[in-house]
file structure03.cif (mmCIF, C-alpha atoms and all ligand atoms)
data_structure
loop_
_atom_site.label_atom_id
_atom_site.label_comp_id
_atom_site.auth_asym_id
_atom_site.auth_seq_id
_atom_site.Cartn_x
_atom_site.Cartn_y
_atom_site.Cartn_z
CA MET A 28 60.58 21.02 79.21
CA ASN A 29 63.57 22.41 77.43
CA ASP A 30 66.45 20.57 75.76
CA THR A 31 66.54 17.72 78.27
CA ARG A 32 63.97 14.97 78.05
CA THR A 33 62.86 13.09 81.10
CA HIS A 34 62.59 9.72 79.39
CA ASP A 35 63.14 7.96 76.12
CA CYS A 36 60.45 9.68 74.15
CA LEU A 37 59.38 11.31 70.93
CA ARG A 38 58.91 15.05 71.13
CA LEU A 39 56.03 16.36 69.10
CA ILE A 40 54.98 19.99 68.68
CA HIS A 41 51.25 20.45 68.17
CA LEU A 42 50.35 23.69 66.37
CA SER A 43 47.01 24.81 65.06
CA ASP A 44 45.31 27.81 63.54
CA LEU A 45 48.40 29.70 62.41
CA HIS A 46 46.15 31.85 60.18
CA PHE A 47 48.78 33.25 57.83
CA GLY A 48 47.26 36.43 56.42
CA ASP A 49 46.04 37.63 59.82
CA GLN A 50 48.68 37.28 62.56
CA THR A 51 49.69 39.31 65.60
CA ALA A 52 52.94 41.24 65.22
CA GLY A 53 56.01 39.25 66.22
CA SER A 54 54.16 36.04 67.04
CA ALA A 55 55.48 33.94 64.14
CA ALA A 56 59.11 34.88 64.92
CA ALA A 57 58.65 34.17 68.63
CA LEU A 58 57.05 30.82 67.83
CA LYS A 59 59.93 29.85 65.58
CA GLN A 60 62.42 30.66 68.35
CA ALA A 61 60.49 28.57 70.88
CA ILE A 62 60.13 25.57 68.58
CA ARG A 63 63.78 25.57 67.57
CA SER A 64 64.80 25.56 71.27
CA LEU A 65 62.60 22.51 71.91
CA LYS A 66 64.23 20.46 69.14
CA PRO A 67 61.13 18.44 68.25
CA ASP A 68 61.16 15.20 66.30
CA LEU A 69 57.99 16.18 64.47
CA ILE A 70 55.59 19.13 64.15
CA VAL A 71 51.89 18.42 63.59
CA VAL A 72 49.67 21.26 62.35
CA THR A 73 45.93 20.70 62.79
CA GLY A 74 44.55 23.06 60.18
CA ASP A 75 43.67 26.70 59.55
CA LEU A 76 47.17 27.44 58.33
CA THR A 77 45.71 30.48 56.58
CA GLN A 78 43.02 33.12 57.02
CA ARG A 79 41.38 33.01 53.59
CA GLY A 80 42.86 30.01 51.80
CA ARG A 81 44.69 32.22 49.31
CA ALA A 82 47.58 30.75 47.35
CA SER A 83 49.94 33.42 48.73
CA GLU A 84 48.94 32.57 52.32
CA LEU A 85 49.31 28.82 51.76
CA GLY A 86 52.79 29.39 50.26
CA SER A 87 53.82 31.58 53.20
CA ALA A 88 52.66 28.92 55.66
CA ARG A 89 54.64 26.22 53.86
CA ASP A 90 57.80 28.37 53.74
CA TYR A 91 57.43 29.12 57.45
CA LEU A 92 57.00 25.45 58.40
CA ASP A 93 59.99 24.52 56.23
CA GLY A 94 62.08 26.95 58.31
CA LEU A 95 61.29 25.48 61.73
CA GLY A 96 64.13 22.94 61.63
CA ALA A 97 62.04 19.77 62.02
CA PRO A 98 59.86 17.53 59.84
CA TRP A 99 56.22 18.57 59.75
CA VAL A 100 52.84 17.34 58.59
CA ALA A 101 49.64 19.34 58.22
CA THR A 102 45.97 18.70 57.67
CA PRO A 103 43.66 21.46 56.37
CA GLY A 104 41.11 23.50 58.31
CA ASN A 105 37.97 25.27 57.15
CA HIS A 106 39.93 28.51 56.56
CA ASP A 107 42.24 26.71 54.12
CA LEU A 108 39.54 26.11 51.54
CA PRO A 109 39.18 28.74 48.80
CA ARG A 110 36.57 31.44 49.44
CA TRP A 111 36.28 32.73 45.91
CA PRO A 112 34.95 31.87 43.42
CA PRO A 113 32.40 29.79 45.40
CA TRP A 114 32.40 26.89 42.93
CA ARG A 115 36.03 26.20 43.80
CA ARG A 116 34.90 25.03 47.25
CA LEU A 117 32.86 22.28 45.65
CA VAL A 118 35.20 21.31 42.81
CA ASP A 119 38.46 19.96 44.27
CA PRO A 120 38.58 22.38 47.26
CA LEU A 121 41.97 21.06 48.41
CA GLN A 122 43.71 21.57 45.08
CA ASP A 123 45.78 24.54 46.32
CA PHE A 124 46.47 22.91 49.69
CA ARG A 125 47.87 19.82 47.96
CA ARG A 126 49.89 21.88 45.50
CA LEU A 127 51.29 24.47 47.89
CA VAL A 128 51.35 22.86 51.36
CA SER A 129 51.20 19.09 51.29
CA PRO A 130 50.16 16.50 48.70
CA ARG A 131 48.88 14.36 51.63
CA PRO A 132 46.20 16.14 53.73
CA ASP A 133 45.70 12.67 55.26
CA ALA A 134 49.41 11.97 55.87
CA ARG A 135 50.59 8.91 57.81
CA VAL A 136 53.71 8.83 60.01
CA ASP A 137 55.36 5.65 61.24
CA ALA A 138 57.95 6.53 63.92
CA ASP A 139 59.69 4.54 66.69
CA ARG A 140 57.32 5.75 69.38
CA MET A 141 54.21 6.62 67.39
CA ARG A 142 51.87 5.85 64.54
CA LEU A 143 50.06 8.98 63.39
CA ALA A 144 47.10 9.34 61.04
CA LEU A 145 45.90 12.75 59.87
CA ILE A 146 42.26 12.94 58.78
CA ASP A 147 40.87 15.81 56.70
CA SER A 148 37.76 16.98 58.59
CA THR A 149 36.79 19.93 56.37
CA ASN A 150 33.34 20.13 54.81
CA PRO A 151 33.28 22.31 51.67
CA ALA A 152 29.47 22.54 51.76
CA VAL A 153 29.49 24.69 54.92
CA TRP A 154 31.80 27.36 56.27
CA LYS A 155 32.77 26.49 59.87
CA ALA A 156 31.61 23.02 60.78
CA GLY A 157 33.43 19.85 59.83
CA ARG A 158 32.65 16.26 59.03
CA ILE A 159 34.40 12.93 59.30
CA GLN A 160 33.37 10.04 57.10
CA PRO A 161 33.22 6.52 58.63
CA GLU A 162 35.37 5.27 55.74
CA ALA A 163 38.11 7.78 56.59
CA ALA A 164 38.00 6.74 60.26
CA ARG A 165 38.09 3.07 59.30
CA GLU A 166 41.08 3.60 57.02
CA ALA A 167 42.95 5.48 59.75
CA ALA A 168 42.02 2.82 62.33
CA ALA A 169 43.38 0.05 60.09
CA TYR A 170 46.66 1.94 59.79
CA LEU A 171 46.91 2.40 63.55
CA ALA A 172 46.01 -1.23 64.21
CA GLY A 173 48.94 -2.32 62.06
CA GLY A 174 51.40 -0.59 64.39
CA ARG A 175 54.13 -2.24 66.46
CA SER A 176 54.15 -2.64 70.23
CA GLY A 177 55.67 0.42 71.84
CA GLN A 178 54.02 2.82 69.42
CA LEU A 179 51.41 5.29 70.62
CA ARG A 180 48.48 5.60 68.22
CA VAL A 181 47.65 9.17 67.37
CA VAL A 182 44.97 10.83 65.21
CA ALA A 183 44.95 14.50 64.19
CA THR A 184 42.01 16.45 62.75
CA HIS A 185 41.15 20.13 62.52
CA HIS A 186 37.73 19.86 64.13
CA PRO A 187 37.25 18.55 67.70
CA PHE A 188 35.72 15.14 68.40
CA ASP A 189 33.64 16.18 71.40
CA ASP A 190 30.57 17.51 69.68
CA ARG A 191 28.83 20.16 71.76
CA PRO A 192 25.22 21.08 71.07
CA GLY A 193 24.97 24.72 70.07
CA ASP A 194 28.73 25.09 69.58
CA LYS A 195 29.06 28.37 67.66
CA MET A 196 32.31 27.16 66.11
CA GLY A 197 30.54 24.23 64.50
CA GLY A 198 31.13 20.62 65.45
CA MET A 199 32.30 17.67 63.37
CA HIS A 200 29.47 15.70 61.80
CA GLY A 201 30.02 11.97 62.29
CA ALA A 202 32.42 12.48 65.22
CA ALA A 203 30.75 10.02 67.62
CA GLU A 204 30.73 7.15 65.15
CA ALA A 205 34.28 7.91 63.99
CA LEU A 206 35.52 7.95 67.57
CA LYS A 207 34.05 4.53 68.23
CA ILE A 208 35.76 3.17 65.12
CA LEU A 209 39.09 4.72 66.06
CA CYS A 210 38.85 3.39 69.63
CA HIS A 211 37.65 -0.12 68.89
CA GLU A 212 39.37 -0.86 65.60
CA GLY A 213 42.41 1.39 65.91
CA GLU A 214 42.90 1.51 69.70
CA VAL A 215 43.78 5.18 69.44
CA ASP A 216 45.65 6.66 72.44
CA LEU A 217 45.80 10.36 71.65
CA LEU A 218 43.69 12.82 69.65
CA LEU A 219 44.95 16.20 68.42
CA TRP A 220 42.65 18.99 67.20
CA GLY A 221 42.35 22.77 66.81
CA HIS A 222 39.60 25.00 65.37
CA ARG A 223 38.11 26.29 68.64
CA HIS A 224 41.11 28.54 69.39
CA ARG A 225 40.90 27.16 72.91
CA THR A 226 43.27 25.11 75.08
CA GLU A 227 41.69 21.77 75.95
CA ILE A 228 43.81 19.01 77.55
CA GLY A 229 42.50 15.94 79.32
CA ILE A 230 40.87 12.53 79.11
CA LEU A 231 38.46 12.87 76.25
CA TYR A 232 36.53 9.69 75.95
CA GLN A 233 35.63 6.69 78.03
CA GLU A 234 33.75 3.58 77.13
CA GLY A 235 34.30 0.79 79.58
CA LEU A 236 38.04 0.86 80.19
CA ARG A 237 38.91 2.73 77.01
CA CYS A 238 40.13 6.32 77.59
CA VAL A 239 41.78 8.63 75.12
CA VAL A 240 44.05 11.59 75.88
CA GLY A 241 43.02 14.77 74.09
CA SER A 242 45.15 17.72 73.04
CA GLY A 243 43.12 20.62 71.69
CA THR A 244 45.38 23.57 71.11
CA ALA A 245 44.58 27.25 70.62
CA SER A 246 46.38 29.56 68.19
CA PRO A 247 50.03 30.63 68.58
CA THR A 248 49.76 33.50 66.09
CA SER A 249 46.17 34.66 65.57
CA PRO A 250 44.68 37.84 67.13
CA ARG A 251 41.61 35.67 67.77
CA CYS A 252 43.51 33.65 70.39
CA GLU A 253 42.62 33.11 74.04
CA LYS A 254 42.64 36.18 76.34
CA LYS A 255 45.70 34.86 78.17
CA GLY A 256 47.71 34.93 74.95
CA GLU A 257 48.84 32.88 71.97
CA SER A 258 49.80 29.27 72.71
CA PHE A 259 50.85 25.85 71.47
CA HIS A 260 51.55 22.39 72.94
CA ALA A 261 54.78 20.41 73.24
CA LEU A 262 54.20 16.69 73.83
CA ASP A 263 56.67 14.06 75.01
CA LEU A 264 55.41 10.62 74.01
CA GLY A 265 56.77 7.50 75.72
CA GLU A 266 55.52 3.93 75.42
CA HIS A 267 53.27 4.27 78.46
CA ALA A 268 53.37 8.01 79.18
CA ILE A 269 52.22 11.25 77.58
CA SER A 270 53.26 14.70 78.82
CA ILE A 271 51.58 17.77 77.34
CA ALA A 272 53.18 21.14 78.04
CA LEU A 273 51.32 24.38 77.39
CA TRP A 274 53.50 27.18 76.01
CA ARG A 275 52.04 30.66 76.00
CA ARG A 276 53.01 34.15 74.83
CA SER A 277 51.18 36.52 77.10
CA PRO A 278 50.27 40.04 75.93
CA ASP A 279 52.95 41.61 78.15
CA THR A 280 55.86 39.51 76.96
CA GLU A 281 57.52 38.90 73.63
CA ARG A 282 58.47 35.25 74.13
CA PHE A 283 56.66 32.00 74.63
CA ARG A 284 57.00 30.46 78.09
CA ARG A 285 55.98 27.08 79.43
CA VAL A 286 53.14 27.73 81.83
CA GLY A 287 52.08 24.20 82.78
CA THR A 288 52.43 20.50 82.04
CA ARG A 289 49.88 17.70 82.26
CA HIS A 290 51.01 14.07 82.67
CA PHE A 291 49.12 10.93 81.69
CA ASP A 292 50.09 7.27 81.92
CA ARG A 293 48.75 4.05 80.51
CA GLN A 294 47.00 1.65 82.86
CA LYS A 295 45.77 -1.85 82.18
CA GLU A 296 43.95 -2.50 78.93
CA ASN A 297 44.93 0.82 77.43
CA HIS A 298 43.10 2.85 80.04
CA TRP A 299 44.76 6.27 80.32
CA ARG A 300 44.65 8.40 83.45
CA GLU A 301 46.06 11.73 84.54
CA VAL A 302 48.79 11.19 87.13
CA GLU A 303 49.59 14.70 88.30
CA PRO A 304 47.62 17.91 88.44
CA GLU A 305 48.64 20.76 86.22
CA LEU A 306 51.64 22.64 87.49
CA GLU A 307 51.05 26.21 88.48
CA GLU A 308 52.33 28.89 86.15
CA GLU A 309 55.97 27.96 85.75
CA GLU A 310 58.31 30.65 84.62
CA GLU A 311 60.59 29.20 82.02
CA ALA A 312 61.62 31.52 79.23
CA VAL A 313 62.82 30.15 75.94
FE FE A 401 41.02 28.92 63.21
FE FE A 402 38.77 26.35 61.96
#
call {"tool": "encode", "arguments": {"input": "structure03.cif", "output": "structure tokens"}}
result
Amino acid sequence: MNDTRTHDCLRLIHLSDLHFGDQTAGSAAALKQAIRSLKPDLIVVTGDLTQRGRASELGSARDYLDGLGAPWVATPGNHDLPRWPPWRRLVDPLQDFRRLVSPRPDARVDADRMRLALIDSTNPAVWKAGRIQPEAAREAAAYLAGGRSGQLRVVATHHPFDDRPGDKMGGMHGAAEALKILCHEGEVDLLLWGHRHRTEIGILYQEGLRCVVGSGTASPTSPRCEKKGESFHALDLGEHAISIALWRRSPDTERFRRVGTRHFDRQKENHWREVEPELEEEEEAV
């Protein structure tokens, strides 16, 4: 996956957990180089743009995203809420995010190949875990349901939908009910999330014939990334096909490289399936 695209598609870069304020040396510059080479149509950032939610960190994140050469949207993560003073977390916790990053933490995007709904999954009452309100899911589902034929329906949150008992990172309260709403009322095709700092790609959810493709991406810039290195996803979205490429910057190299691609296609009644196994570590420097 470089400049050439295999089919008429929309190219989307999925970033998460940039953590401005606590980044590994050189990672932000290397990421910018990789993204510019991929010439995306849109960049989606699924939260934790900052380490402590400080105004200076939020401003740096916005300036960085503005310099990537493509439109972008972002939803907040738990690290983007103010830490101090504590009352600010309970009284308009997204005030700085709206002012300095994006006035729409729940942005909507209507593109040729895609309808996208961002949902704010932060919970100011706790530190790590998230929550998703049924009303927010219903509103996003109504937006997706109003899409045209040929558009993939995509939802992005910071917290993951697959709640795991005992998950130290904290799950997303209300995830199961919200997922049902998004599947049945919004016919969602693809979910994007971050938070776990872990690469997770695959079929996420099945109920009858309904399957959803999931893209959980780790961090491209945080020292608390996966052992194999910092990473992000590049997705090519067609009417009936989704390709998700994993790009990684390993500890022994300066640049991001594509290390594997997963392919999914749409079957009858919006059932998605994986059509090819993950490619073995491909060597493709930016
Ligand atoms: Fe994070
Ligand atoms: Fe997080």
call {"tool": "residues_near_ligand", "arguments": {"input": "structure03.cif", "ligand": "ligand FE 402 (chain A)", "cutoff": "6 Å", "atoms": "all atoms listed in the file", "output": "NGL selection string"}}
result
:A and (75 or 104-106 or 222)
call {"tool": "residues_around", "arguments": {"input": "structure03.cif", "residues": "Glu214 in chain A", "least_positions_apart": "4", "cutoff": "7 Å", "atoms": "only C-alpha atoms", "output": "PDB file with C-alpha atoms, keeping the file's coordinate frame"}}
result
ATOM      1  CA  ALA A 172      46.010  -1.230  64.210  1.00  0.00           C
ATOM      2  CA  LEU A 209      39.090   4.720  66.060  1.00  0.00           C
ATOM      3  CA  CYS A 210      38.850   3.390  69.630  1.00  0.00           C
TER       4      CYS A 210
END
call {"tool": "residues_near_point", "arguments": {"input": "structure03.cif", "point": "(48.2, 22.2, 57.8)", "cutoff": "6 Å", "atoms": "only C-alpha atoms", "output": "JSON, numbers by chain"}}
result
{"A": [72, 73, 74, 76, 101, 102, 103]}
call {"tool": "closest_residue", "arguments": {"input": "structure03.cif", "among": "A:Asn150, A:Asn297, A:Ser258, A:Ser64", "to": "Pro278 in chain A", "atoms": "all atoms listed in the file"}}
result
A:Ser258
call {"tool": "closest_atom_pairs", "arguments": {"input": "structure03.cif", "of": "chain A", "to": "ligand FE 401 (chain A)", "cutoff": "10 Å", "atoms": "only C-alpha atoms and all ligand atoms", "output": "CSV"}}
result
residue,atom,partner,partner_atom,distance
A:Ser43,CA,A:FE401,FE,7.5
A:Asp44,CA,A:FE401,FE,4.4
A:Leu45,CA,A:FE401,FE,7.5
A:His46,CA,A:FE401,FE,6.6
A:Thr73,CA,A:FE401,FE,9.6
A:Gly74,CA,A:FE401,FE,7.5
A:Asp75,CA,A:FE401,FE,5.0
A:Leu76,CA,A:FE401,FE,8.0
A:Thr77,CA,A:FE401,FE,8.3
A:Gln78,CA,A:FE401,FE,7.7
A:Gly104,CA,A:FE401,FE,7.3
A:Asn105,CA,A:FE401,FE,7.7
A:His106,CA,A:FE401,FE,6.8
A:Asp107,CA,A:FE401,FE,9.4
A:Lys155,CA,A:FE401,FE,9.2
A:His185,CA,A:FE401,FE,8.8
A:His186,CA,A:FE401,FE,9.7
A:Met196,CA,A:FE401,FE,9.3
A:Gly221,CA,A:FE401,FE,7.2
A:His222,CA,A:FE401,FE,4.7
A:Arg223,CA,A:FE401,FE,6.7
A:His224,CA,A:FE401,FE,6.2
A:Arg225,CA,A:FE401,FE,9.9
A:Ala245,CA,A:FE401,FE,8.4
A:Ser246,CA,A:FE401,FE,7.3
A:Ser249,CA,A:FE401,FE,8.1
A:Arg251,CA,A:FE401,FE,8.2
A:Cys252,CA,A:FE401,FE,9.0
call {"tool": "residues_around", "arguments": {"input": "structure03.cif", "residues": "Ala268 in chain A", "least_positions_apart": "4", "cutoff": "9 Å", "atoms": "all atoms listed in the file", "output": "ChimeraX atom specification"}}
result
/A:36,263-264,290-293,299
